[in-house]
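Q: Okay, handing you the structure first.
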Amino acid sequence: MKAAQDYHIEAVDYAATSASLHEVRDAVFVQEQQVPRDLERDALDPLCHHVLARDSAGHAIGAARLTPDHRIGRMAVLPAWRGQGVGEAMLVALLDEALRRHWPDVSLHAQVSAEGFYTRHGFLPEGERFLEAGIEHQGMRRTLSGPTTIAHRAEAVAITTAVIAQARRTLVICSRALDPGLWDAPAVVDALRRFATRQPGAHVQVLLQDAGTPQRMLAPLIGLGQRLPSVFAFREVQDPVDLPYTAAFVANDDHGYYHRPLGHRFDGEAGLMHAGRARQLREEFTQMWERARPVTEYRALGL
């Protein structure tokens with residue numbers, strides 16, 4: 001497995017590096033995915049901000065661009081370098097450039113096979129899937145300034161996945177009853193599993209208004225908690241001051257949160273670059289957590 005120091009990302013001038021950029025893009029899009037070359041290349045290239053990934057010998061291994069209309073595209077990584085963080089590093093570089101330009105948001109057309117990758121980086125699905133160059137795509141958008149408005153389940157699942165993926169060591173979840181459609185969504189459960197098993201010192205605290213319903217419904221998060229009891233802790237609200245609480249939220253120990261004023265609905269607001277709001281929710285959570293009772297019955301539940 002290649003180490004992270006075996007490659008680097010740089011912003012490049014298109015006129016000076018077009019041969020290297022197209023070498024990567026032709027290999028991935030034209031040869032591997034059979035996209036016609038006249039569709040892969042367009043008049044936007046000279047106007048875009050490009051990044052190039054190079055290995056330690058200076059060979060091009062990845063390419064991507066940011067268009068004047070605030071769109072990320074032509075994200076390509078050579079097969080031998082996939083799974084090494086190259087795509088993520090290029091995406092971060094493009095997002096940093098968009099932030100430097102004070103853009104309010106960025107969008108992209110994600111190949112459906114890569115939708116999960118962009119979801120983990122805060123991009124939310126937008127509209128219906130469509131065919132582009134004969135390949136199924138999903139439009140996606142990420143807000144860069146101010147909170148993001150969440151209205152639908154697909155957006156709720158996507159932003160929750162992103163908040164989990166962004167967490168460093170700690171995640172707090174406040175939920176009425178492990179809301180069906182959200183905390184049992186495969187993408188969310190998989191994100192929690194990855195966080196719990198791959199992040200050293202990971203800790204997930206789950207505070208419920210109703211612990212009985214998830215138990216009766218055999219919620220997958222309870223089973224995950226049973227398999228990883230050193231990571232997951234469950235408590236149930238019991239103090240009269242907390243019983244009328246209607247909101248639900250998830251917040252990490254970085255800058256990410258997703259808050260729903262009415263916990264039985266998906267609509268709310270979220271952000272991945274809002275440390276103040278995430279910290280406020282964690283502090284609110286801690287106060288309720290200290291007054292809540294441990295859900296010991298989950299430990300014995302067989303799933």
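Here's how to read the names in the structure tokens: chain A, B, ... by the order shown, residue numbers from 1 in each chain, ligand numbers from 1 in the order shown.
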Please return, as number ranges by chain, all residues of range 132-190 of chain A that DSSP assigns to strand (DSSP E or B) on the basis of the backbone.

A: A: 132, 135-143, 148-150, 170-175

Q: I need the chosen residues saved as a short mmCIF file (atom, residue, chain, number, x, y, z; two decimals), in the first residue's frame, with all heavy atoms.

A:
```cif
data_model
loop_
_atom_site.label_atom_id
_atom_site.label_comp_id
_atom_site.auth_asym_id
_atom_site.auth_seq_id
_atom_site.Cartn_x
_atom_site.Cartn_y
_atom_site.Cartn_z
N GLU A 132 -25.31 10.94 -18.35
CA GLU A 132 -24.37 11.89 -18.93
C GLU A 132 -23.26 11.07 -19.55
O GLU A 132 -22.61 10.27 -18.86
CB GLU A 132 -23.84 12.83 -17.85
CG GLU A 132 -23.00 13.98 -18.40
CD GLU A 132 -22.68 14.99 -17.30
OE1 GLU A 132 -21.70 14.75 -16.55
OE2 GLU A 132 -23.41 15.99 -17.17
N ILE A 135 -23.46 7.44 -18.76
CA ILE A 135 -23.20 6.98 -17.40
C ILE A 135 -24.20 7.65 -16.46
O ILE A 135 -24.45 8.86 -16.56
CB ILE A 135 -21.76 7.31 -16.97
CG1 ILE A 135 -20.75 6.64 -17.91
CG2 ILE A 135 -21.51 6.89 -15.52
CD1 ILE A 135 -19.32 7.08 -17.68
N GLU A 136 -24.77 6.89 -15.52
CA GLU A 136 -25.75 7.44 -14.59
C GLU A 136 -25.07 8.37 -13.59
O GLU A 136 -24.05 8.03 -12.99
CB GLU A 136 -26.48 6.33 -13.85
CG GLU A 136 -27.70 6.81 -13.08
CD GLU A 136 -28.49 5.68 -12.46
OE1 GLU A 136 -27.92 4.59 -12.24
OE2 GLU A 136 -29.69 5.88 -12.18
N HIS A 137 -25.64 9.57 -13.44
CA HIS A 137 -25.09 10.58 -12.55
C HIS A 137 -26.15 11.09 -11.58
O HIS A 137 -27.35 10.95 -11.81
CB HIS A 137 -24.56 11.79 -13.36
CG HIS A 137 -23.25 11.55 -14.03
ND1 HIS A 137 -23.10 10.73 -15.11
CD2 HIS A 137 -22.01 12.07 -13.76
CE1 HIS A 137 -21.82 10.74 -15.50
NE2 HIS A 137 -21.15 11.55 -14.70
N GLN A 138 -25.66 11.71 -10.50
CA GLN A 138 -26.52 12.39 -9.53
C GLN A 138 -25.98 13.80 -9.30
O GLN A 138 -24.80 13.97 -8.97
CB GLN A 138 -26.51 11.63 -8.20
CG GLN A 138 -27.22 12.34 -7.05
CD GLN A 138 -28.71 12.47 -7.29
OE1 GLN A 138 -29.40 11.48 -7.48
NE2 GLN A 138 -29.21 13.70 -7.30
N GLY A 139 -26.84 14.80 -9.49
CA GLY A 139 -26.44 16.16 -9.17
C GLY A 139 -26.30 16.32 -7.66
O GLY A 139 -27.12 15.80 -6.91
N MET A 140 -25.25 17.03 -7.22
CA MET A 140 -25.01 17.22 -5.81
C MET A 140 -24.50 18.64 -5.57
O MET A 140 -23.91 19.27 -6.45
CB MET A 140 -23.99 16.20 -5.27
CG MET A 140 -24.34 14.75 -5.57
SD MET A 140 -23.24 13.56 -4.75
CE MET A 140 -23.95 13.53 -3.09
N ARG A 141 -24.73 19.13 -4.35
CA ARG A 141 -24.31 20.49 -4.00
C ARG A 141 -23.84 20.54 -2.56
O ARG A 141 -24.40 19.87 -1.69
CB ARG A 141 -25.47 21.48 -4.21
CG ARG A 141 -25.10 22.94 -3.99
CD ARG A 141 -26.29 23.85 -4.30
NE ARG A 141 -26.74 23.67 -5.66
CZ ARG A 141 -26.22 24.32 -6.71
NH1 ARG A 141 -25.25 25.19 -6.52
NH2 ARG A 141 -26.69 24.11 -7.92
N ARG A 142 -22.82 21.36 -2.29
CA ARG A 142 -22.37 21.60 -0.92
C ARG A 142 -22.34 23.09 -0.63
O ARG A 142 -21.77 23.87 -1.41
CB ARG A 142 -20.98 21.01 -0.67
CG ARG A 142 -20.45 21.40 0.71
CD ARG A 142 -19.21 20.67 1.12
NE ARG A 142 -18.61 21.33 2.29
CZ ARG A 142 -17.59 20.84 2.97
NH1 ARG A 142 -17.04 19.69 2.62
NH2 ARG A 142 -17.11 21.50 4.01
N THR A 143 -22.98 23.51 0.44
CA THR A 143 -22.99 24.90 0.87
C THR A 143 -21.67 25.20 1.58
O THR A 143 -21.19 24.42 2.39
CB THR A 143 -24.16 25.16 1.84
OG1 THR A 143 -25.39 24.88 1.15
CG2 THR A 143 -24.17 26.60 2.31
N THR A 148 -26.78 24.84 5.94
CA THR A 148 -27.51 24.22 4.84
C THR A 148 -28.91 23.85 5.31
O THR A 148 -29.08 23.31 6.40
CB THR A 148 -26.78 22.94 4.38
OG1 THR A 148 -25.47 23.27 3.95
CG2 THR A 148 -27.54 22.25 3.26
N THR A 149 -29.90 24.15 4.50
CA THR A 149 -31.27 23.77 4.82
C THR A 149 -31.52 22.33 4.38
O THR A 149 -31.25 21.97 3.23
CB THR A 149 -32.28 24.70 4.13
OG1 THR A 149 -32.07 26.04 4.59
CG2 THR A 149 -33.71 24.28 4.44
N ILE A 150 -32.01 21.52 5.28
CA ILE A 150 -32.32 20.12 5.00
C ILE A 150 -33.84 19.97 4.96
O ILE A 150 -34.53 20.41 5.88
CB ILE A 150 -31.75 19.19 6.09
CG1 ILE A 150 -30.24 19.42 6.25
CG2 ILE A 150 -32.04 17.73 5.77
CD1 ILE A 150 -29.43 19.13 5.01
N THR A 170 -15.25 11.95 18.80
CA THR A 170 -16.49 11.97 19.57
C THR A 170 -17.68 12.37 18.71
O THR A 170 -17.58 13.28 17.89
CB THR A 170 -16.37 12.96 20.75
OG1 THR A 170 -15.25 12.59 21.55
CG2 THR A 170 -17.61 12.94 21.61
N LEU A 171 -18.79 11.67 18.96
CA LEU A 171 -20.04 11.96 18.26
C LEU A 171 -21.18 11.88 19.27
O LEU A 171 -21.24 10.94 20.07
CB LEU A 171 -20.25 10.91 17.16
CG LEU A 171 -21.27 11.18 16.06
CD1 LEU A 171 -20.78 12.32 15.15
CD2 LEU A 171 -21.48 9.93 15.24
N VAL A 172 -22.07 12.88 19.27
CA VAL A 172 -23.23 12.85 20.15
C VAL A 172 -24.48 12.84 19.29
O VAL A 172 -24.59 13.55 18.31
CB VAL A 172 -23.25 14.03 21.15
CG1 VAL A 172 -22.03 13.99 22.05
CG2 VAL A 172 -23.34 15.37 20.44
N ILE A 173 -25.44 11.98 19.69
CA ILE A 173 -26.69 11.80 18.95
C ILE A 173 -27.84 11.98 19.92
O ILE A 173 -27.93 11.28 20.94
CB ILE A 173 -26.77 10.40 18.32
CG1 ILE A 173 -25.63 10.19 17.33
CG2 ILE A 173 -28.13 10.18 17.66
CD1 ILE A 173 -25.48 8.74 16.88
N CYS A 174 -28.72 12.92 19.62
CA CYS A 174 -29.93 13.13 20.41
C CYS A 174 -31.11 12.81 19.51
O CYS A 174 -31.29 13.44 18.46
CB CYS A 174 -30.00 14.58 20.89
SG CYS A 174 -31.47 14.97 21.89
N SER A 175 -31.89 11.81 19.88
CA SER A 175 -32.96 11.31 19.01
C SER A 175 -34.15 10.89 19.85
O SER A 175 -33.99 10.46 21.00
CB SER A 175 -32.44 10.11 18.21
OG SER A 175 -33.47 9.45 17.54
#
```

Q: So that I can check the surroundings of Ala278 in chain A, please list as a list of chain:residue names every protein, DNA and RNA residue that reaches within 12 Å of it, counting only C-alpha atoms and ignoring chain neighbours fewer than 5 positions away.

A: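 Everything that qualifies: A:Pro147, A:Val163, A:Ala167, A:Thr170, A:Leu171, A:Val172, A:Ile173, A:Phe249, A:Val250, A:Ala251, A:Asn252, A:Asp253, A:Asp254, A:His255, A:Gly256, A:Tyr257, A:Tyr258, A:His259, A:Glu269, A:Ala270, A:Gly271, A:Leu272, A:Met273, A:Glu283, A:Glu284, A:Phe285.
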
Q: Running DSSP on the backbone, which parts of range 55-298 of chain A land in helix (DSSP H, G or I), as a VMD selection string?

A: chain A and resid 79 to 81 86 to 100 112 to 119 153 to 166 186 to 198 212 to 216 220 to 227 275 to 291 296 to 298

Q: At what distance in Å, to one decimal, does CA of Ala158 in chain A lie from CA of Gly122 in chain A?

A: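 Going from CA of Gly122 in chain A over to CA of Ala158 in chain A covers 7.2 Å.
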
Q: For range 206-216 of chain A, please output as a ChimeraX atom specification all residues within 8 Å (counting only C-alpha atoms; exclusion window: fewer than 6 positions along the same chain).

A: /A:172-178,222,232-237,243,289,292,295,298,301

Q: When distances are computed from only C-alpha atoms, which of A:Ala93, A:Leu66, A:Ala202, A:Ala187 shows the smallest separation from Glu115 in chain A?

A: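 Between A:Ala93, A:Leu66, A:Ala202, A:Ala187, the residue approaching Glu115 in chain A most closely is A:Ala187.
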
Q: For Glu155 in chain A, which of A:Asp55, A:Asp13, A:Asp267, A:Asp38 is the closest residue, counting only C-alpha atoms?

A: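 Going through A:Asp55, A:Asp13, A:Asp267, A:Asp38 one by one, the smallest distance to Glu155 in chain A is for A:Asp267.
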
Q: Wanna dump the range 88-169 of chain A-range 16-29 of chain A contacts at 12 Å for me, each residue with its shortest atom pair and the distance in Å to one decimal, counting only C-alpha atoms, ordered by chain and number, as a tab-separated table?

A:
```
residue	atom	partner	partner_atom	distance
A:Gln111	CA	A:Phe29	CA	11.5
A:Ala133	CA	A:Phe29	CA	9.9
A:Gly134	CA	A:Phe29	CA	11.6
A:Ile135	CA	A:Phe29	CA	10.7
```

Q: CA of Trp81 in chain A and CA of Glu97 in chain A are how many Å apart?

A: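 Atom-to-atom, CA of Trp81 in chain A to CA of Glu97 in chain A, that is 23.4 Å.
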
Q: Smallest atom-to-atom distance to His109 in chain A: which of A:Met75, A:Gly85, A:Arg169, A:Leu94, using only C-alpha atoms?

A: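 Checking each candidate against His109 in chain A, we get A:Met75 as the closest.
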
Q: Each residue of range 56-153 of chain A with at least one atom at most 9 Å from range 159-162 of chain A should appear once, together with its nearest atom pair and the corresponding distance in Å (one decimal); atoms considered: only C-alpha atoms; ordering: chain, then increasing residue number; output as CSV.

A:
```
residue,atom,partner,partner_atom,distance
A:Gly116,CA,A:Thr161,CA,9.0
A:Tyr118,CA,A:Ala162,CA,8.8
A:Thr119,CA,A:Ala162,CA,6.1
A:Arg120,CA,A:Ala162,CA,4.3
A:His121,CA,A:Ala162,CA,5.7
A:Gly122,CA,A:Ala162,CA,5.1
A:Phe123,CA,A:Ile159,CA,7.6
A:Leu124,CA,A:Ile159,CA,6.8
A:Ile150,CA,A:Ile159,CA,8.4
```

Q: Of the residues A:Ala154, A:His49, A:Leu108, A:Gly201, which is the one nearest to Arg168 in chain A, using only C-alpha atoms?

A: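 Between A:Ala154, A:His49, A:Leu108, A:Gly201, the residue approaching Arg168 in chain A most closely is A:Gly201.
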
Q: Can you pull out the residues contacting His8 in chain A? Cut-off 12 Å, using only C-alpha atoms, and skip same-chain residues under 4 positions away; I want them as a list in words.

A: Ala3, Ala4, Val51, Leu52, Ala53, Arg54, Asp55, Ser56, Ala57, Gly58, His59, Ala60, Ile61, Gly62, Ala63, Gln84, Gly85, Val86, Gly87, Glu88, Ala89, Met90 and Ala93 of chain A

Q: Tell me, in Å to one decimal, how far CA of Pro240 in chain A is from CA of Arg291 in chain A.

A: 9.8 Å
